[in-house]
Amino acid sequence: MPVARPESSHPRIIAHVDMDCFYVQVEQRKKPELRGLPSAVVQYNEWKGGGLIAVSYEARGFGVKRSMRGDEAKQVCPQIHLVQVPVARGKADLSTYRNAGSEVVSILARKGRCERASIDEVYLDLTDAAEAMLRENPPESLEAVHEEVLKSHVLGLANEDEIDKKENVKRWMCNSDADHRDKLLACGAIITAELRMQVLMETEFTCSAGVAHNKMLAKLASAMNKPAQQTVVPSSSVNGLLYSFPIKKMKQLGGKLGTSLQGDLGVNTVGDLLQFSEEKLQDLYGVKTGTWLWNIARGISGEEVQGRLLPKSHGSGKSFPGPRALKTAATVQHWLNQLCDELSERICRDLEENKRTAHTLTLHATAYGPSERDSHKKFPSKSCPLRYGTGKIQEDAFNLFQAGLREYLGSYGAKTQGSQHPERWAITGLSVSASKIMAIPSGTCSIMKYFGGEQRCDAPARQVEANFIQEAVPTSPSDSKNCTELECCERVELTDNYSDYIEDNKVPMEEDKNLSLLGHEVDSSTKEASQPHFPSESCSGKTKVSAQEFPSEDVRHQLSTARSKRKEQKNSALKDQGTILRFFKSNDQAQEPTRSQGDGSNSCNAIQNGGGRAAWSYKVDEIDESVIAELPEEIQAELESWIRPQKRANTVKRGGATTIAHYFSANQK
DNA sequence: ACGGGTAGGACG
DNA sequence: TCGTCCTAC
């Protein structure tokens, strides 16, 4: 739901960058012969040619639309090339698109705060960069403005359609009499054009962009001229732009709220909203939404660009429409296993690449069944603490499913359980997701505080284990069987360290498994999120090309050098995947997240002997995961960052010693 | 019985 | 908090 935020007084320069038919471009880069042809990306072509999820602009010219079936697209455009989405584990696999999106983000993030809004959209706060440019190298002093900048659409500029358009744009960009805000916008437009060219050279992807004073307007603008163009929104143009702008096309108003505005208030354009007082809108839609509506009608939006390059959750799901609905626990389990397998791979990759761990596993399902006839009951989502390891995730997810199913079926289900007439339920959608993703805490002080007093940090490992085990009360969703089997995520690509993977035992189907399980599954942990740790920008040897050095004759050459640069980067990225040990060594310099409970500062000091470093070792495979849940929360967060990677390190040298010594600093701040 | 698969955010 | 609902691409 929209929430009103005060607009900051200081003018900001915000860009919204939107990749053009992104999935198509990704496929075209893979198969360059598709460039320039009407094409579309389709998934599941079994039924009516599959569903289109991205359509090239050439194909749009023939009337092909998203959400057509492949067959329909062929009808309106027989020569269309349909490319299939990659499939893995029997489901669509979007990872190539996600990765391609990451390429783009890493380029765009160079010039300012960057928010990855979706797989193919990014917001940028270019305020600082624009101010710097205006100070040090203002457009009015430029003798030449790059073609790409001149191709900008500047809203409100007279004679948009005229032949002298570029001349007009140049005059606007370089106008020394312009409003300060417009000068900043001009700088923003130049920076944005440069970034888009950089994206094109390094990724071969085109994008469109909007440049404005806030996110809402930037987003509106980026969609106004596509593909491969950019649109600038001077303040003076805002009212005119919004006045006739269809309300339903505003972000957040494409759904029920927009429909209500139309149906209940007769508001069809943003301008129509101006007649309503803030109080009236608040009465109708609540204080927050009312204020938000009142503001957006005036082009006001104070939302900040979140500095976030990484997703906040990972999910894997699949639908099973109509006749394909899942009707037995065995098929549900099969598909859950597939989904969990993918999810596990993705969170493990996140851990390796970004040093982040997910802490909550959630299962969603959609179902129809006996209870749906009378009541429109929904299958409840369920969540539990996330344990790393594919087998564990699969096991936990299936337990969550069973818990949800019992609830869904209600008392009716309990009665007929185990009878010869199974429930007539059917699952039409399944998804699992991993959320509460936090950067691995890099300090160790809270562990020391926990053991402080009774436990010296360099005490023998045995005693540490004893402490763990004494206080252990298993609470994990599954009975914590002795986890001596070490789990590691599958990472075929990274052959150096993480390739070992030991599959969990398959979870046997137990219809009547532990009804009270769910009560224990709920994770009451309230861990304070630590600062996300962004992947280091390993942009070695990027082609640096200024706007003026970008004549079209050079594009071909630059693209090819950029292409080989990319490959170099990939290789060096692989090499850069350090060993676990190296990871810890590099991390122990980092900062300790803040925490509240005190008194243990002396114990911290106590271990700061030997130049602030101490060695600590223990036998990893003798610590049961379930004990961790019983530790104080701030300890849990910290411990998990140690134990999990440690187990993984252990598998690397499987058969060898199981004791690993870690070195860490006790410095805190 | 469908755009499918993902994401993010607000609310109670 | 968790679970639900809404929205968007």
# chains A, B, ... in the order shown; residues from 1 in each chain; ligands from 1
call {"tool": "residues_around", "arguments": {"residues": "DG3 (chain B)", "least_positions_apart": "3", "cutoff": "8 Å", "atoms": "only C-alpha atoms (C1' of nucleotides)", "output": "JSON, numbers by chain"}}
result
{"A": [51, 52, 53, 66, 67, 68]}
call {"tool": "write_last_selection", "arguments": {"atoms": "N, CA, C and O atoms", "output": "PDB file, in the first residue's frame"}}
result
ATOM      1  N   GLY A  51       3.031 -19.482 -22.663  1.00  0.00           N
ATOM      2  CA  GLY A  51       2.687 -18.090 -22.359  1.00  0.00           C
ATOM      3  C   GLY A  51       3.847 -17.154 -22.631  1.00  0.00           C
ATOM      4  O   GLY A  51       4.983 -17.447 -22.270  1.00  0.00           O
ATOM      5  N   LEU A  52       3.547 -16.026 -23.262  1.00  0.00           N
ATOM      6  CA  LEU A  52       4.604 -15.060 -23.553  1.00  0.00           C
ATOM      7  C   LEU A  52       4.929 -14.264 -22.297  1.00  0.00           C
ATOM      8  O   LEU A  52       4.028 -13.743 -21.626  1.00  0.00           O
ATOM      9  N   ILE A  53       6.193 -14.150 -22.022  1.00  0.00           N
ATOM     10  CA  ILE A  53       6.563 -13.312 -20.881  1.00  0.00           C
ATOM     11  C   ILE A  53       7.393 -12.107 -21.291  1.00  0.00           C
ATOM     12  O   ILE A  53       7.615 -11.216 -20.490  1.00  0.00           O
ATOM     13  N   ARG A  66       2.210  -9.182 -24.533  1.00  0.00           N
ATOM     14  CA  ARG A  66       2.470 -10.050 -23.396  1.00  0.00           C
ATOM     15  C   ARG A  66       1.157 -10.698 -22.993  1.00  0.00           C
ATOM     16  O   ARG A  66       0.091 -10.110 -23.175  1.00  0.00           O
ATOM     17  N   SER A  67       1.289 -11.881 -22.427  1.00  0.00           N
ATOM     18  CA  SER A  67       0.108 -12.588 -21.948  1.00  0.00           C
ATOM     19  C   SER A  67      -0.751 -13.098 -23.076  1.00  0.00           C
ATOM     20  O   SER A  67      -1.881 -13.498 -22.866  1.00  0.00           O
ATOM     21  N   MET A  68      -0.190 -13.083 -24.280  1.00  0.00           N
ATOM     22  CA  MET A  68      -0.784 -13.908 -25.331  1.00  0.00           C
ATOM     23  C   MET A  68      -0.219 -15.314 -25.166  1.00  0.00           C
ATOM     24  O   MET A  68       0.844 -15.496 -24.575  1.00  0.00           O
TER      25      MET A  68
END
call {"tool": "interface_residues", "arguments": {"of": "chain A", "to": "chain B", "cutoff": "8 Å", "atoms": "only C-alpha atoms (C1' of nucleotides)", "output": "list in words"}}
result
Met1, Pro2, Gln43, Gly51, Leu52, Ile53, Arg66, Ser67, Met68, Ala92, Ser118, Pro311, Ser313, Gly315, Ser316, Gly317, Lys318, Ser319, Pro321 and Gly322 of chain A
call {"tool": "closest_atom_pairs", "arguments": {"of": "chain A", "to": "chain C", "cutoff": "7 Å", "atoms": "only C-alpha atoms (C1' of nucleotides)", "output": "tab-separated table"}}
result
residue	atom	partner	partner_atom	distance
A:Gln252	CA	C:DT7	C1'	6.1
A:Gly255	CA	C:DT7	C1'	6.8
A:Ser381	CA	C:DG3	C1'	6.6
call {"tool": "write_last_selection", "arguments": {"atoms": "all heavy atoms", "output": "PDB file, in the first residue's frame"}}
result
ATOM      1  N   GLN A 252       1.047   1.650  -8.332  1.00  0.00           N
ATOM      2  CA  GLN A 252       0.209   1.392  -7.152  1.00  0.00           C
ATOM      3  C   GLN A 252      -1.283   1.576  -7.432  1.00  0.00           C
ATOM      4  O   GLN A 252      -2.114   1.251  -6.602  1.00  0.00           O
ATOM      5  CB  GLN A 252       0.580   2.294  -5.960  1.00  0.00           C
ATOM      6  CG  GLN A 252       2.022   2.191  -5.517  1.00  0.00           C
ATOM      7  CD  GLN A 252       2.375   0.836  -4.988  1.00  0.00           C
ATOM      8  OE1 GLN A 252       1.620   0.218  -4.257  1.00  0.00           O
ATOM      9  NE2 GLN A 252       3.530   0.338  -5.357  1.00  0.00           N
ATOM     10  N   GLY A 255      -4.425  -1.459  -9.668  1.00  0.00           N
ATOM     11  CA  GLY A 255      -5.285  -2.509  -9.141  1.00  0.00           C
ATOM     12  C   GLY A 255      -6.576  -1.985  -8.552  1.00  0.00           C
ATOM     13  O   GLY A 255      -7.248  -1.129  -9.125  1.00  0.00           O
ATOM     14  N   SER A 381      -0.360 -20.069   4.460  1.00  0.00           N
ATOM     15  CA  SER A 381       1.102 -20.151   4.346  1.00  0.00           C
ATOM     16  C   SER A 381       1.678 -20.472   5.709  1.00  0.00           C
ATOM     17  O   SER A 381       1.121 -20.103   6.738  1.00  0.00           O
ATOM     18  CB  SER A 381       1.732 -18.863   3.829  1.00  0.00           C
ATOM     19  OG  SER A 381       0.805 -17.905   3.593  1.00  0.00           O
TER      20      SER A 381
END
call {"tool": "atom_distance", "arguments": {"atom1": "CA of Leu142 (chain A)", "atom2": "CA of Leu155 (chain A)"}}
result
22.2 Å
call {"tool": "residues_around", "arguments": {"residues": "region 23-34 of chain A", "least_positions_apart": "4", "cutoff": "9 Å", "atoms": "only C-alpha atoms (C1' of nucleotides)", "output": "number ranges by chain"}}
result
A: 19, 38-41, 53-56, 81, 83, 85, 96-97, 100, 120, 203-206
call {"tool": "write_last_selection", "arguments": {"atoms": "N, CA, C and O atoms", "output": "compact mmCIF listing (two decimals), in the first residue's frame"}}
result
# COMPACT_ATOMS: atom_id res chain seq x y z
N MET A 19 14.96 -1.87 -18.40
CA MET A 19 15.48 -2.62 -19.53
C MET A 19 14.36 -2.86 -20.55
O MET A 19 13.22 -3.15 -20.17
N PRO A 38 11.19 -10.08 -35.12
CA PRO A 38 10.10 -10.20 -34.16
C PRO A 38 10.29 -11.48 -33.36
O PRO A 38 10.39 -12.56 -33.93
N SER A 39 10.35 -11.33 -32.07
CA SER A 39 10.62 -12.51 -31.24
C SER A 39 9.98 -12.32 -29.88
O SER A 39 9.58 -11.23 -29.49
N ALA A 40 9.90 -13.41 -29.17
CA ALA A 40 9.29 -13.37 -27.84
C ALA A 40 9.84 -14.53 -27.03
O ALA A 40 10.29 -15.53 -27.58
N VAL A 41 9.80 -14.36 -25.73
CA VAL A 41 10.21 -15.44 -24.83
C VAL A 41 8.94 -16.07 -24.26
O VAL A 41 8.01 -15.37 -23.84
N ILE A 53 6.19 -14.15 -22.02
CA ILE A 53 6.56 -13.31 -20.88
C ILE A 53 7.39 -12.11 -21.29
O ILE A 53 7.61 -11.22 -20.49
N ALA A 54 7.84 -12.07 -22.52
CA ALA A 54 8.53 -10.88 -23.02
C ALA A 54 8.40 -10.85 -24.53
O ALA A 54 8.47 -11.89 -25.18
N VAL A 55 8.21 -9.67 -25.08
CA VAL A 55 7.95 -9.53 -26.51
C VAL A 55 8.86 -8.43 -27.07
O VAL A 55 8.91 -7.32 -26.51
N SER A 56 9.53 -8.74 -28.15
CA SER A 56 10.41 -7.73 -28.74
C SER A 56 9.58 -6.61 -29.36
O SER A 56 8.39 -6.80 -29.66
N HIS A 81 9.71 -15.39 -33.82
CA HIS A 81 10.59 -16.41 -33.25
C HIS A 81 10.29 -16.54 -31.76
O HIS A 81 10.45 -15.57 -31.02
N VAL A 83 11.26 -18.08 -28.28
CA VAL A 83 12.37 -18.69 -27.55
C VAL A 83 11.86 -19.20 -26.22
O VAL A 83 11.13 -18.50 -25.52
N VAL A 85 11.92 -20.26 -22.36
CA VAL A 85 12.60 -20.02 -21.09
C VAL A 85 13.35 -21.29 -20.69
O VAL A 85 12.84 -22.40 -20.90
N THR A 96 19.12 -17.15 -15.50
CA THR A 96 19.93 -16.40 -16.48
C THR A 96 19.48 -14.95 -16.56
O THR A 96 20.31 -14.05 -16.73
N TYR A 97 18.20 -14.71 -16.39
CA TYR A 97 17.72 -13.33 -16.43
C TYR A 97 18.12 -12.57 -15.16
O TYR A 97 18.46 -11.40 -15.20
N ALA A 100 21.67 -11.69 -15.54
CA ALA A 100 21.82 -10.58 -16.49
C ALA A 100 21.43 -9.26 -15.82
O ALA A 100 22.07 -8.23 -16.03
N ASP A 120 14.52 -6.22 -13.81
CA ASP A 120 14.95 -5.40 -14.94
C ASP A 120 14.73 -3.90 -14.74
O ASP A 120 14.66 -3.16 -15.71
N THR A 203 27.15 -4.84 -21.70
CA THR A 203 26.21 -5.96 -21.63
C THR A 203 25.50 -6.23 -22.95
O THR A 203 24.84 -7.26 -23.09
N GLU A 204 25.57 -5.29 -23.88
CA GLU A 204 24.82 -5.36 -25.14
C GLU A 204 23.32 -5.15 -24.95
O GLU A 204 22.54 -5.39 -25.87
N PHE A 205 22.92 -4.72 -23.78
CA PHE A 205 21.49 -4.49 -23.54
C PHE A 205 21.15 -3.02 -23.68
O PHE A 205 21.88 -2.15 -23.20
N THR A 206 20.04 -2.75 -24.32
CA THR A 206 19.53 -1.38 -24.32
C THR A 206 18.53 -1.20 -23.19
O THR A 206 17.90 -2.15 -22.74
call {"tool": "decode", "arguments": {"residues": "chain B", "atoms": "all heavy atoms", "output": "compact mmCIF listing (two decimals), in the first residue's frame"}}
result
# COMPACT_ATOMS: atom_id res chain seq x y z
P DA B 1 -8.94 -24.62 -11.54
OP1 DA B 1 -10.05 -25.41 -11.61
OP2 DA B 1 -7.60 -24.78 -11.50
O5' DA B 1 -9.33 -23.15 -12.03
C5' DA B 1 -8.21 -22.49 -12.47
C4' DA B 1 -8.24 -22.36 -13.94
O4' DA B 1 -8.01 -23.56 -14.68
C3' DA B 1 -9.55 -21.79 -14.50
O3' DA B 1 -9.20 -20.66 -15.22
C2' DA B 1 -10.03 -22.93 -15.40
C1' DA B 1 -8.67 -23.38 -15.89
N9 DA B 1 -8.63 -24.64 -16.62
C8 DA B 1 -9.65 -25.50 -16.86
N7 DA B 1 -9.32 -26.53 -17.58
C5 DA B 1 -7.96 -26.35 -17.83
C6 DA B 1 -7.02 -27.09 -18.53
N6 DA B 1 -7.31 -28.23 -19.13
N1 DA B 1 -5.77 -26.61 -18.59
C2 DA B 1 -5.49 -25.47 -17.99
N3 DA B 1 -6.29 -24.68 -17.29
C4 DA B 1 -7.53 -25.18 -17.25
P DC B 2 -9.84 -19.32 -15.54
OP1 DC B 2 -10.05 -18.46 -14.39
OP2 DC B 2 -11.01 -19.83 -16.27
O5' DC B 2 -8.91 -18.51 -16.52
C5' DC B 2 -7.67 -19.01 -16.99
C4' DC B 2 -6.51 -18.58 -16.14
O4' DC B 2 -5.92 -19.78 -15.63
C3' DC B 2 -5.42 -17.83 -16.88
O3' DC B 2 -5.47 -16.44 -16.55
C2' DC B 2 -4.14 -18.46 -16.38
C1' DC B 2 -4.53 -19.82 -15.90
N1 DC B 2 -4.25 -20.97 -16.80
C2 DC B 2 -2.94 -21.22 -17.23
O2 DC B 2 -2.04 -20.47 -16.88
N3 DC B 2 -2.71 -22.27 -18.04
C4 DC B 2 -3.72 -23.06 -18.43
N4 DC B 2 -3.44 -24.09 -19.21
C5 DC B 2 -5.07 -22.81 -18.02
C6 DC B 2 -5.29 -21.76 -17.21
P DG B 3 -4.89 -15.29 -17.39
OP1 DG B 3 -4.95 -14.10 -16.53
OP2 DG B 3 -5.55 -15.29 -18.69
O5' DG B 3 -3.34 -15.62 -17.62
C5' DG B 3 -2.93 -16.37 -18.73
C4' DG B 3 -1.44 -16.64 -18.58
O4' DG B 3 -0.73 -15.48 -19.04
C3' DG B 3 -1.02 -16.89 -17.14
O3' DG B 3 -0.72 -18.28 -17.00
C2' DG B 3 0.26 -16.09 -16.97
C1' DG B 3 0.28 -15.12 -18.13
N9 DG B 3 0.04 -13.75 -17.72
C8 DG B 3 -1.13 -13.22 -17.25
N7 DG B 3 -1.05 -11.96 -16.95
C5 DG B 3 0.27 -11.63 -17.24
C6 DG B 3 0.95 -10.41 -17.11
O6 DG B 3 0.50 -9.34 -16.69
N1 DG B 3 2.29 -10.53 -17.51
C2 DG B 3 2.87 -11.67 -17.98
N2 DG B 3 4.14 -11.59 -18.30
N3 DG B 3 2.24 -12.83 -18.11
C4 DG B 3 0.95 -12.73 -17.72
P DG B 4 -0.70 -18.91 -15.65
OP1 DG B 4 -1.26 -20.24 -15.84
OP2 DG B 4 -1.19 -18.01 -14.61
O5' DG B 4 0.87 -19.05 -15.45
C5' DG B 4 1.67 -19.77 -16.37
C4' DG B 4 3.10 -19.72 -15.89
O4' DG B 4 3.53 -18.34 -15.93
C3' DG B 4 3.28 -20.18 -14.44
O3' DG B 4 4.54 -20.80 -14.33
C2' DG B 4 3.20 -18.88 -13.65
C1' DG B 4 3.82 -17.88 -14.63
N9 DG B 4 3.29 -16.51 -14.54
C8 DG B 4 2.01 -16.12 -14.26
N7 DG B 4 1.84 -14.83 -14.28
C5 DG B 4 3.10 -14.33 -14.59
C6 DG B 4 3.54 -12.98 -14.76
O6 DG B 4 2.89 -11.94 -14.65
N1 DG B 4 4.90 -12.93 -15.08
C2 DG B 4 5.71 -14.01 -15.22
N2 DG B 4 6.97 -13.76 -15.53
N3 DG B 4 5.30 -15.27 -15.08
C4 DG B 4 4.00 -15.36 -14.76
P DG B 5 5.08 -21.28 -12.98
OP1 DG B 5 5.92 -22.45 -13.23
OP2 DG B 5 3.96 -21.33 -12.03
O5' DG B 5 6.05 -20.08 -12.58
C5' DG B 5 7.22 -19.88 -13.36
C4' DG B 5 8.04 -18.78 -12.77
O4' DG B 5 7.29 -17.55 -12.80
C3' DG B 5 8.40 -19.00 -11.30
O3' DG B 5 9.70 -18.46 -11.12
C2' DG B 5 7.35 -18.17 -10.57
C1' DG B 5 7.24 -16.99 -11.52
N9 DG B 5 6.02 -16.21 -11.43
C8 DG B 5 4.75 -16.65 -11.15
N7 DG B 5 3.87 -15.68 -11.16
C5 DG B 5 4.59 -14.54 -11.46
C6 DG B 5 4.18 -13.19 -11.61
O6 DG B 5 3.04 -12.73 -11.49
N1 DG B 5 5.23 -12.35 -11.93
C2 DG B 5 6.53 -12.76 -12.09
N2 DG B 5 7.42 -11.82 -12.39
N3 DG B 5 6.94 -14.02 -11.96
C4 DG B 5 5.91 -14.85 -11.64
P DT B 6 10.59 -18.87 -9.94
OP1 DT B 6 11.95 -18.62 -10.31
OP2 DT B 6 10.16 -20.24 -9.56
O5' DT B 6 10.21 -17.93 -8.77
C5' DT B 6 9.37 -16.86 -9.01
C4' DT B 6 10.17 -15.57 -9.11
O4' DT B 6 9.25 -14.59 -9.54
C3' DT B 6 10.71 -15.11 -7.77
O3' DT B 6 11.92 -14.41 -7.98
C2' DT B 6 9.60 -14.23 -7.22
C1' DT B 6 8.91 -13.72 -8.48
N1 DT B 6 7.43 -13.65 -8.38
C2 DT B 6 6.81 -12.45 -8.65
O2 DT B 6 7.43 -11.45 -8.96
N3 DT B 6 5.43 -12.48 -8.53
C4 DT B 6 4.65 -13.55 -8.20
O4 DT B 6 3.43 -13.44 -8.13
C5 DT B 6 5.36 -14.77 -7.94
C7 DT B 6 4.59 -16.00 -7.56
C6 DT B 6 6.70 -14.77 -8.05
P DA B 7 12.74 -13.98 -6.74
OP1 DA B 7 14.17 -14.09 -7.04
OP2 DA B 7 12.19 -14.56 -5.50
O5' DA B 7 12.35 -12.44 -6.77
C5' DA B 7 12.51 -11.68 -5.64
C4' DA B 7 11.62 -10.47 -5.75
O4' DA B 7 10.32 -10.83 -6.24
C3' DA B 7 11.37 -9.87 -4.39
O3' DA B 7 12.35 -8.86 -4.18
C2' DA B 7 9.97 -9.29 -4.48
C1' DA B 7 9.40 -9.87 -5.78
N9 DA B 7 8.12 -10.52 -5.58
C8 DA B 7 7.87 -11.84 -5.29
N7 DA B 7 6.60 -12.13 -5.18
C5 DA B 7 5.96 -10.91 -5.40
C6 DA B 7 4.61 -10.52 -5.41
N6 DA B 7 3.61 -11.38 -5.18
N1 DA B 7 4.32 -9.23 -5.67
C2 DA B 7 5.33 -8.38 -5.88
N3 DA B 7 6.64 -8.61 -5.89
C4 DA B 7 6.89 -9.92 -5.65
P DG B 8 12.61 -8.42 -2.73
OP1 DG B 8 13.93 -7.79 -2.71
OP2 DG B 8 12.27 -9.51 -1.82
O5' DG B 8 11.49 -7.30 -2.55
C5' DG B 8 11.40 -6.28 -3.53
C4' DG B 8 10.23 -5.41 -3.14
O4' DG B 8 9.01 -6.13 -3.42
C3' DG B 8 10.22 -5.10 -1.65
O3' DG B 8 10.09 -3.70 -1.48
C2' DG B 8 9.03 -5.85 -1.10
C1' DG B 8 8.15 -6.05 -2.32
N9 DG B 8 7.38 -7.28 -2.26
C8 DG B 8 7.84 -8.55 -2.07
N7 DG B 8 6.89 -9.45 -2.05
C5 DG B 8 5.73 -8.71 -2.24
C6 DG B 8 4.39 -9.13 -2.31
O6 DG B 8 3.94 -10.28 -2.20
N1 DG B 8 3.52 -8.06 -2.50
C2 DG B 8 3.91 -6.74 -2.63
N2 DG B 8 2.95 -5.85 -2.82
N3 DG B 8 5.17 -6.35 -2.57
C4 DG B 8 6.02 -7.38 -2.37
P DG B 9 10.29 -3.06 -0.08
OP1 DG B 9 10.98 -1.78 -0.29
OP2 DG B 9 10.82 -4.07 0.84
O5' DG B 9 8.80 -2.76 0.37
C5' DG B 9 7.96 -2.03 -0.51
C4' DG B 9 6.57 -2.06 0.06
O4' DG B 9 6.01 -3.37 -0.14
C3' DG B 9 6.54 -1.80 1.57
O3' DG B 9 5.69 -0.69 1.79
C2' DG B 9 5.99 -3.09 2.17
C1' DG B 9 5.28 -3.74 1.01
N9 DG B 9 5.26 -5.19 1.04
C8 DG B 9 6.33 -6.04 1.19
N7 DG B 9 5.99 -7.30 1.18
C5 DG B 9 4.60 -7.27 1.03
C6 DG B 9 3.67 -8.32 0.95
O6 DG B 9 3.88 -9.53 1.02
N1 DG B 9 2.37 -7.86 0.80
C2 DG B 9 2.02 -6.53 0.72
N2 DG B 9 0.72 -6.26 0.56
N3 DG B 9 2.87 -5.53 0.78
C4 DG B 9 4.14 -5.98 0.94
P DA B 10 5.47 -0.11 3.21
OP1 DA B 10 5.51 1.34 3.05
OP2 DA B 10 6.36 -0.81 4.16
O5' DA B 10 3.97 -0.54 3.51
C5' DA B 10 2.97 -0.20 2.56
C4' DA B 10 1.62 -0.70 3.07
O4' DA B 10 1.57 -2.14 2.91
C3' DA B 10 1.38 -0.41 4.54
O3' DA B 10 0.02 -0.05 4.70
C2' DA B 10 1.72 -1.73 5.22
C1' DA B 10 1.34 -2.76 4.16
N9 DA B 10 2.14 -3.97 4.21
C8 DA B 10 3.51 -4.07 4.33
N7 DA B 10 3.97 -5.29 4.35
C5 DA B 10 2.82 -6.06 4.24
C6 DA B 10 2.62 -7.45 4.20
N6 DA B 10 3.61 -8.35 4.27
N1 DA B 10 1.35 -7.90 4.08
C2 DA B 10 0.35 -7.01 4.00
N3 DA B 10 0.42 -5.68 4.03
C4 DA B 10 1.70 -5.26 4.15
P DC B 11 -0.47 0.50 6.03
OP1 DC B 11 -1.31 1.65 5.71
OP2 DC B 11 0.66 0.62 6.97
O5' DC B 11 -1.39 -0.69 6.53
C5' DC B 11 -2.33 -1.28 5.64
C4' DC B 11 -2.92 -2.50 6.31
O4' DC B 11 -1.99 -3.59 6.17
C3' DC B 11 -3.13 -2.29 7.82
O3' DC B 11 -4.45 -2.67 8.15
C2' DC B 11 -2.10 -3.19 8.47
C1' DC B 11 -1.90 -4.26 7.41
N1 DC B 11 -0.57 -4.93 7.46
C2 DC B 11 -0.50 -6.32 7.34
O2 DC B 11 -1.56 -6.96 7.20
N3 DC B 11 0.71 -6.93 7.40
C4 DC B 11 1.82 -6.20 7.55
N4 DC B 11 2.99 -6.84 7.59
C5 DC B 11 1.76 -4.78 7.67
C6 DC B 11 0.56 -4.19 7.62
P DG B 12 -5.09 -2.09 9.47
OP1 DG B 12 -6.34 -1.44 9.07
OP2 DG B 12 -4.06 -1.36 10.24
O5' DG B 12 -5.42 -3.43 10.25
C5' DG B 12 -6.01 -4.53 9.55
C4' DG B 12 -5.94 -5.76 10.43
O4' DG B 12 -4.63 -6.35 10.29
C3' DG B 12 -6.11 -5.48 11.93
O3' DG B 12 -6.81 -6.56 12.54
C2' DG B 12 -4.67 -5.41 12.43
C1' DG B 12 -4.00 -6.46 11.55
N9 DG B 12 -2.57 -6.27 11.37
C8 DG B 12 -1.87 -5.08 11.34
N7 DG B 12 -0.59 -5.24 11.14
C5 DG B 12 -0.43 -6.61 11.03
C6 DG B 12 0.74 -7.38 10.81
O6 DG B 12 1.90 -7.00 10.66
N1 DG B 12 0.45 -8.76 10.76
C2 DG B 12 -0.80 -9.29 10.90
N2 DG B 12 -0.89 -10.61 10.83
N3 DG B 12 -1.89 -8.59 11.11
C4 DG B 12 -1.63 -7.25 11.16
